[in-house]
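Trainee: Encoded as structure tokens, here's the structure I'll be asking about.
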Amino acid sequence: MLSRVADSLYWIGRRLERAEHAARLVEVNLMLMLDQDPASADHRWARLHDALGGEPLPDADGYACAHALAFDRKRDDSIYGCVAAAREQARQVREHITAEMYEQLNTLYFTVRRTDFDEVWDRQPQAFFRSMRHGAHLFHGITESTLNHGQGYYFLQAGRHLERIGATARLLQTYLCETEPSLRGDTGVQIACAGLLKSCDAFEAYQTTYPEQLTVERVAGFLTLNPDFPRSIRFAVNRLFDAVQTLARLTGSRRADSVVRPVGRIHARLQYGQTEDLHPDRLHAFLQRLLNDAEAVHAANHRAYISYPIEQEVYA
């Protein structure tokens with residue numbers, strides 16, 4: 001597979017995951033606004049923006065944040081920016097994806113492009129963001145069902161799950177960092193933990209697993225070390241590890257080892273991790289190491305499959 005094709009598929013996976021993540025967080029915060037005073041709501045929007053790690057916003061109120069994160073065409077990290085970039089990359093590698101995948105990307109793109117935000121905001125903004133989420137889910141379901149599970153499929157999956165690792169780690173950092181003001185007092189802990197779980201579509205799954213009181217350690221453990229919940233970091237690392245191992249086998253390149261090794265180290269650390277590692281005093285450092293490791297994996301993937309010198313290809 002050509003490096004430009006691999007790069008495009010990898011970034012389609014990353015950008016659609018980023019768009020779905022942003023849509024989910026905005027939808028959750030819109031619902032939480034109904035039960036909050038304006039000051040609390042503004043603080044929550046500012047925290048959401050920090051969790052997404054995007055460009056600075058001039059205002060932190062709900063309207064400004066939702067508009068910027070959804071429709072700002074100058075922001076690469078907005079939902080529009082992510083979907084538009086994914087669609088353009090899909091157009092460039094059209095022969096390597098299925099017609100159904102391309103049609104779904106087109107549907108997502110024209111939905112967000114033709115939507116009037118003021119009209120959406122005045123009526124039912126949650127419905128719009130939910131449609132963005134469901135559209136991304138549908139794309140991945142179509143991919144699973146129609147795309148040959150070869151190199152292209154696994155590049156797409158590698159991008160998707162690497163993005164999820166970073167997104168979930170940043171979300172945990174923002175909500176559960178020991179210096180977070182909302183973690184002062186039992187009530188603050190309950191509110192922060194519930195908001196975090198809802199932001200990960202994990203509230204019901206957590207209650208099924210731990211019906212007792214919400215605690216920082218248990219919520220952090222569930223979203224970090226649980227091997228069965230799809231949005232936990234460990235689940236995403238397991239899928240990423242499978243993807244890079246399969247790519248190494250399919251490509252037959254020795255360069256692939258430079259990607260498999262760092263992912264394998266993360267995989268082993270999480271597989272044998274303990275909830276003691278997630279104590280509030282150590283949680284920030286633990287998550288920051290994960291974020292640094294994810295960046296290292298991204299760089300290794302780029303060197304191995306995208307930007308390698310031609311002489312390496314000759315002798316690999």
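We name chains A, B, ... following the order of the structure tokens; residues begin at 1 in each chain, and ligands are numbered from 1 as shown.
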Would you kindly return, as a PyMOL selection string, each protein, DNA or RNA residue with an atom no farther than 12 Å from any atom of Leu16 (chain A), considering only C-alpha atoms and excluding same-chain residues fewer than 6 positions away?
Mentor: chain A and resi 9-10+22-23+77-87+89-90+104-105+108-109+132-140+156-157+159-161+163-164
Trainee: Skip Glu276 (chain A) itself and residues of its chain fewer than 5 positions away, then list as a list in words all residues within 12 Å of it, counting only C-alpha atoms.
Mentor: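 Here the answer would be Val216, Glu217, Arg218, Ala220, Gly221, Leu225, Asp281, Arg282, Leu283 and Phe286 of chain A.
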Trainee: Write out as a list in words which residues come within 8 Å of Arg231 (chain A) when counting only C-alpha atoms, dropping same-chain ones fewer than 4 positions away.
Mentor: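 The residues that qualify are Arg164, Thr168, Cys200, Asp201, Ala202, Leu223, Phe235 and Ala236 of chain A.
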Trainee: Measuring between only C-alpha atoms, which one of A:Gly150, A:Gly141, A:Pro211, A:Gly195 shows the shortest distance to Glu100 (chain A)?
Mentor: A:Gly141
Trainee: Report, in Å to a single decimal, how far apart CA of Gly62 (chain A) and CA of Asn29 (chain A) are.
Mentor: 8.4 Å
Trainee: For each of A:Ala296, A:Met33, A:Cys193, A:Ile12, take the minimum atom-to-atom distance to Tyr102 (chain A), counting only C-alpha atoms, then give the residue where this is smallest.
Mentor: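 Closest to Tyr102 (chain A) of all the choices is A:Ile12.
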Trainee: Between CA of His96 (chain A) and CA of Gly152 (chain A), what is the distance in Å, rounded to a tenth?
Mentor: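 Calculated distance between CA of His96 (chain A) and CA of Gly152 (chain A) is 7.2 Å.
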Trainee: Out of A:Tyr206, A:Thr107, A:Ala167, A:His67, which residue has the shortest atom-to-atom distance to Glu119 (chain A) when counting only C-alpha atoms?
Mentor: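 Nearest to Glu119 (chain A): A:His67.
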Trainee: Return as JSON, numbers by chain the full set of residues in region 47-239 of chain A whose backbone-based DSSP assignment is alpha helix (DSSP H).
Mentor: {"A": [47, 48, 49, 50, 51, 52, 62, 63, 64, 65, 66, 67, 68, 69, 70, 71, 79, 80, 81, 82, 83, 84, 85, 86, 87, 88, 89, 90, 91, 92, 99, 100, 101, 102, 103, 104, 105, 106, 107, 108, 109, 110, 111, 112, 113, 114, 117, 118, 119, 120, 121, 122, 125, 126, 127, 128, 129, 130, 131, 132, 133, 134, 135, 136, 137, 138, 139, 140, 141, 142, 143, 144, 145, 146, 151, 152, 153, 154, 155, 156, 157, 158, 159, 160, 161, 162, 163, 164, 165, 166, 167, 168, 169, 170, 171, 172, 173, 174, 175, 176, 186, 187, 188, 189, 190, 191, 192, 193, 194, 195, 196, 197, 198, 199, 203, 204, 205, 206, 207, 208, 209, 216, 217, 218, 219, 220, 221, 222, 223, 224, 225, 233, 234, 235, 236, 237, 238, 239]}
Trainee: So the first atom is CA of Thr111 (chain A) and the second is CA of Ser8 (chain A); what is the distance between them in Å, to one decimal place?
Mentor: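 Computing the Euclidean distance for CA of Thr111 (chain A) and CA of Ser8 (chain A) yields 22.1 Å.
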Trainee: Excluding same-chain residues fewer than 3 positions from region 172-175 of chain A, what lies within 10 Å of it counting only C-alpha atoms, as a ChimeraX atom specification?
Mentor: /A:44,47-53,166-169,178-183,189,192-193,195-197,200,216,219-220,223-224,283-288
Trainee: Write out as a list of chain:residue names the residues lying within 12 Å of Asp116 (chain A), counting only C-alpha atoms and excluding same-chain residues fewer than 6 positions away.
Mentor: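 In the requested format, the answer is A:His67, A:Ala70, A:Phe71, A:Phe110, A:Asp122, A:Arg123, A:Pro125, A:Phe128.
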Trainee: Point out the residue among A:Val237, A:Leu214, A:Ile165, A:Val259 with the least atom-to-atom distance to Ala299 (chain A), counting only C-alpha atoms.
Mentor: A:Val259
Trainee: Have a look at A:Val297, A:Leu2, A:Ala66, A:Leu250 and name the one nearest to Gln126 (chain A); count only C-alpha atoms.
Mentor: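 Distance minimum relative to Gln126 (chain A) lands on A:Ala66.
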Trainee: For each of A:Thr246, A:Thr146, A:Thr275, A:Ser3, take the minimum atom-to-atom distance to Val260 (chain A), counting only C-alpha atoms, then give the residue where this is smallest.
Mentor: A:Thr246
